[in-house]
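Asks: Contents of run_9.pdb (PDB, C-alpha atoms) are below:
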ATOM      1  CA  MET H1481      -3.760 -17.958  -9.592
ATOM      2  CA  THR H1482      -2.005 -17.083  -6.338
ATOM      3  CA  ARG H1483      -3.620 -14.708  -3.888
ATOM      4  CA  LYS H1484      -2.035 -11.348  -3.293
ATOM      5  CA  ILE H1485      -0.488 -11.116   0.178
ATOM      6  CA  PRO H1486      -1.698  -7.960   1.999
ATOM      7  CA  MET H1487       1.301  -5.799   2.853
ATOM      8  CA  ARG H1488       1.514  -3.065   5.487
ATOM      9  CA  LYS H1489       4.239  -0.615   6.510
ATOM     10  CA  CYS H1490       5.793  -0.703   9.985
ATOM     11  CA  VAL H1491       5.716   2.767  11.613
ATOM     12  CA  VAL H1492       9.210   2.219  13.083
ATOM     13  CA  THR H1493      11.237   0.523  10.330
ATOM     14  CA  HIS H1494       9.212   2.021   7.428
ATOM     15  CA  GLU H1495       9.509  -1.333   5.638
ATOM     16  CA  GLN H1496       6.688  -3.217   3.947
ATOM     17  CA  HIS H1497       5.880  -6.585   5.553
ATOM     18  CA  PRO H1498       3.106  -9.164   5.151
ATOM     19  CA  LYS H1499       0.182  -8.111   7.365
ATOM     20  CA  LYS H1500       0.423 -11.354   9.407
ATOM     21  CA  ASP H1501       3.986 -10.429  10.571
ATOM     22  CA  LEU H1502       2.767  -7.139  12.030
ATOM     23  CA  VAL H1503       0.531  -6.202  14.943
ATOM     24  CA  ARG H1504      -2.014  -3.390  14.672
ATOM     25  CA  VAL H1505      -2.335  -0.766  17.396
ATOM     26  CA  VAL H1506      -5.559   1.248  17.225
ATOM     27  CA  LEU H1507      -6.766   4.587  18.539
ATOM     28  CA  THR H1508     -10.465   3.789  18.968
ATOM     29  CA  PRO H1509     -13.257   6.369  18.498
ATOM     30  CA  GLU H1510     -13.498   6.410  22.334
ATOM     31  CA  LYS H1511      -9.879   7.731  22.375
ATOM     32  CA  THR H1512      -8.392   4.582  23.951
ATOM     33  CA  VAL H1513      -5.332   2.829  22.527
ATOM     34  CA  GLU H1514      -5.779  -0.921  22.012
ATOM     35  CA  VAL H1515      -3.626  -3.737  20.662
ATOM     36  CA  ASP H1516      -5.729  -5.163  17.824
ATOM     37  CA  THR H1517      -4.866  -8.829  17.366
ATOM     38  CA  THR H1518      -7.909  -9.430  15.137
ATOM     39  CA  GLY H1519      -7.226  -6.532  12.753
ATOM     40  CA  ARG H1520     -10.913  -5.582  12.899
ATOM     41  CA  LEU H1521     -11.207  -2.848  15.562
ATOM     42  CA  ASN H1522     -12.607   0.520  14.479
ATOM     43  CA  GLY H1523     -10.319   3.513  14.602
ATOM     44  CA  ARG H1524      -6.986   4.845  13.426
ATOM     45  CA  GLY H1525      -4.486   2.009  13.082
ATOM     46  CA  ALA H1526      -0.712   1.800  13.068
ATOM     47  CA  TYR H1527       1.278  -1.334  12.304
ATOM     48  CA  LEU H1528       4.371  -2.521  14.169
ATOM     49  CA  LEU H1529       6.654  -5.418  13.327
ATOM     50  CA  LEU H1530       6.192  -8.042  16.036
ATOM     51  CA  ASP H1531       9.805  -7.845  17.199
ATOM     52  CA  LYS H1532      11.113  -6.890  20.642
ATOM     53  CA  GLU H1533      13.730  -4.424  19.336
ATOM     54  CA  VAL H1534      11.193  -2.687  17.079
ATOM     55  CA  ILE H1535       8.662  -2.361  19.926
ATOM     56  CA  LEU H1536      11.299  -0.936  22.286
ATOM     57  CA  LYS H1537      12.435   1.504  19.589
ATOM     58  CA  ALA H1538       8.807   2.609  19.050
ATOM     59  CA  GLN H1539       8.541   3.249  22.787
ATOM     60  CA  LYS H1540      11.819   5.191  22.885
ATOM     61  CA  THR H1541      11.245   7.309  19.768
ATOM     62  CA  GLY H1542       7.500   7.861  20.218
ATOM     63  CA  ALA H1543       6.717   6.537  16.712
ATOM     64  CA  LEU H1544       3.318   5.195  17.831
ATOM     65  CA  ASN H1545       2.471   8.482  19.563
ATOM     66  CA  ARG H1546       3.125  10.331  16.287
ATOM     67  CA  SER H1547       1.227   8.001  13.992
ATOM     68  CA  LEU H1548      -1.787   7.689  16.313
ATOM     69  CA  LYS H1549      -1.614  11.387  17.234
ATOM     70  CA  THR H1550      -2.037  10.617  20.944
ATOM     71  CA  GLN H1551      -0.061   9.516  24.011
ATOM     72  CA  VAL H1552       0.348   5.720  24.126
ATOM     73  CA  GLN H1553       0.311   4.233  27.653
ATOM     74  CA  GLU H1554       3.010   1.913  29.045
ATOM     75  CA  GLU H1555       0.483  -0.969  29.325
ATOM     76  CA  VAL H1556       0.150  -1.010  25.522
ATOM     77  CA  TYR H1557       3.907  -1.512  25.153
ATOM     78  CA  ASP H1558       3.811  -4.225  27.848
ATOM     79  CA  LYS H1559       1.094  -6.047  25.883
ATOM     80  CA  LEU H1560       3.090  -5.723  22.667
ATOM     81  CA  LEU H1561       6.234  -7.095  24.306
ATOM     82  CA  LYS H1562       4.257 -10.072  25.674
ATOM     83  CA  LEU H1563       2.933 -10.756  22.155
ATOM     84  CA  ALA H1564       6.466 -10.590  20.754
ATOM     85  CA  GLY H1565       7.553 -13.102  23.413
ATOM     86  CA  ASP H1566      10.145 -11.241  25.493
TER      87      ASP H1566
END
Could you write out this structure as structure tokens?
Replies:
Amino acid sequence: MTRKIPMRKCVVTHEQHPKKDLVRVVLTPEKTVEVDTTGRLNGRGAYLLLDKEVILKAQKTGALNRSLKTQVQEEVYDKLLKLAGD
């Protein structure tokens, strides 16, 4: 029997993707926004496709701000772009 691949929805493209193709951004209980590469941090999470265009669109449209219900700092986007390999 094959294992079910965990799927998550990107907050920008609204498409379902395998969890490993996405990166999780978390609003921690301490009210800081972190890039969660392990997928294990506590807090409210939002998934983004690990793609430069998608990350830039999230920054421009404020998609992460809406889904995390807070203001996301520029450093978070810088980290995401580094992960995507700009």
Asks: Given all atoms listed in the file as the basis, pick out the residue of H:Val1552, H:Leu1560, H:Asn1545, H:Ala1526 nearest to H:Val1491.
Replies: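 Once distances to H:Val1491 are computed over all atoms listed in the file, the minimum belongs to H:Ala1526.
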Asks: I'd like the interatomic distance between atom CA of H:Lys1499 and atom CA of H:Tyr1527, to a tenth of an Å.
Replies: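 About the pair atom CA of H:Lys1499 and atom CA of H:Tyr1527: they are 8.5 Å apart.
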Asks: Show me the residues around (2.8, -11.1, 20.0) - criterion: an atom at most 10 Å away, all atoms listed in the file counted - as a PyMOL selection string.
Replies: chain H and resi 1501-1503+1515+1517+1529-1532+1559-1566
Asks: Please indicate the distance in Å from atom CA of H:Gln1551 to atom CA of H:Val1534, rounded to one decimal place.
Replies: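 That distance, rounded to one decimal, is 18.0 Å.
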Asks: Just give me the gap between atom CA of H:Asp1558 and atom CA of H:Lys1537 in Å, one decimal is fine.
Replies: 13.2 Å
Asks: Could you tell me which of H:Leu1548, H:Gln1539, H:Glu1555, H:Leu1528 comes closest to H:Pro1509 if we count all atoms listed in the file?
Replies: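 Nearest candidate to H:Pro1509 out of H:Leu1548, H:Gln1539, H:Glu1555, H:Leu1528: H:Leu1548.
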Asks: For each of H:Met1481, H:Leu1536, H:Val1556, H:Leu1544, take the minimum atom-to-atom distance to H:Glu1514, counting only C-alpha atoms, then give the residue where this is smallest.
Replies: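 Closest to H:Glu1514 of all the choices is H:Val1556.
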Asks: Please identify all polymer residues lying at most 12 Å from the point (1.4, -9.4, -2.9) (file coordinates), using all atoms listed in the file, and present the result as a PyMOL selection string.
Replies: chain H and resi 1482-1488+1496-1499
Asks: Output C-alpha atoms of each residue in that selection to a file, as a JSON list (two decimals), keeping the file's coordinate frame.
Replies:
[["chain", "number", "residue", "atom", "x", "y", "z"],
["H", 1482, "THR", "CA", -2.00, -17.08, -6.34],
["H", 1483, "ARG", "CA", -3.62, -14.71, -3.89],
["H", 1484, "LYS", "CA", -2.04, -11.35, -3.29],
["H", 1485, "ILE", "CA", -0.49, -11.12, 0.18],
["H", 1486, "PRO", "CA", -1.70, -7.96, 2.00],
["H", 1487, "MET", "CA", 1.30, -5.80, 2.85],
["H", 1488, "ARG", "CA", 1.51, -3.06, 5.49],
["H", 1496, "GLN", "CA", 6.69, -3.22, 3.95],
["H", 1497, "HIS", "CA", 5.88, -6.58, 5.55],
["H", 1498, "PRO", "CA", 3.11, -9.16, 5.15],
["H", 1499, "LYS", "CA", 0.18, -8.11, 7.36]]
Asks: Could you check which of H:Val1513, H:Leu1521, H:Leu1507, H:Ala1543 is closest to H:His1494, using only C-alpha atoms?
Replies: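 The answer is H:Ala1543, which sits nearest to H:His1494.
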Asks: Counting all atoms listed in the file, which of H:Glu1495, H:Lys1511, H:Lys1489, H:Lys1500 gets nearest to H:Lys1549?
Replies: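 Closest to H:Lys1549, using all atoms listed in the file: H:Lys1511.
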Asks: Just want the 6 Å neighbourhood of H:Asp1516, counted on only C-alpha atoms, with same-chain residues fewer than 2 positions away dropped. Output as number ranges by chain.
Replies: H: 1504-1505, 1514, 1518-1519
Asks: So that I have them on file, write out the residues from the current selection with C-alpha atoms, as a short mmCIF file (atom, residue, chain, number, x, y, z; two decimals), in the frame of the given file.
Replies:
data_model
loop_
_atom_site.label_atom_id
_atom_site.label_comp_id
_atom_site.auth_asym_id
_atom_site.auth_seq_id
_atom_site.Cartn_x
_atom_site.Cartn_y
_atom_site.Cartn_z
CA ARG H 1504 -2.01 -3.39 14.67
CA VAL H 1505 -2.34 -0.77 17.40
CA GLU H 1514 -5.78 -0.92 22.01
CA THR H 1518 -7.91 -9.43 15.14
CA GLY H 1519 -7.23 -6.53 12.75
#
Asks: Compile the contact shell of H:Thr1508 as a PyMOL selection string: residues with an atom at most 7 Å away, counting all atoms listed in the file, same-chain residues fewer than 6 positions apart removed.
Replies: chain H and resi 1522-1524
Asks: Taking all atoms of stretch 1523-1533 of chain H that the file lists and extending 8 Å past them on each side, where is the centre of the axis-aligned box and how long are its edges? Answer in Å to one decimal, as JSON.
Replies:
{"center_x": 1.7, "center_y": -1.6, "center_z": 16.5, "size_x": 40.0, "size_y": 28.9, "size_z": 24.3}
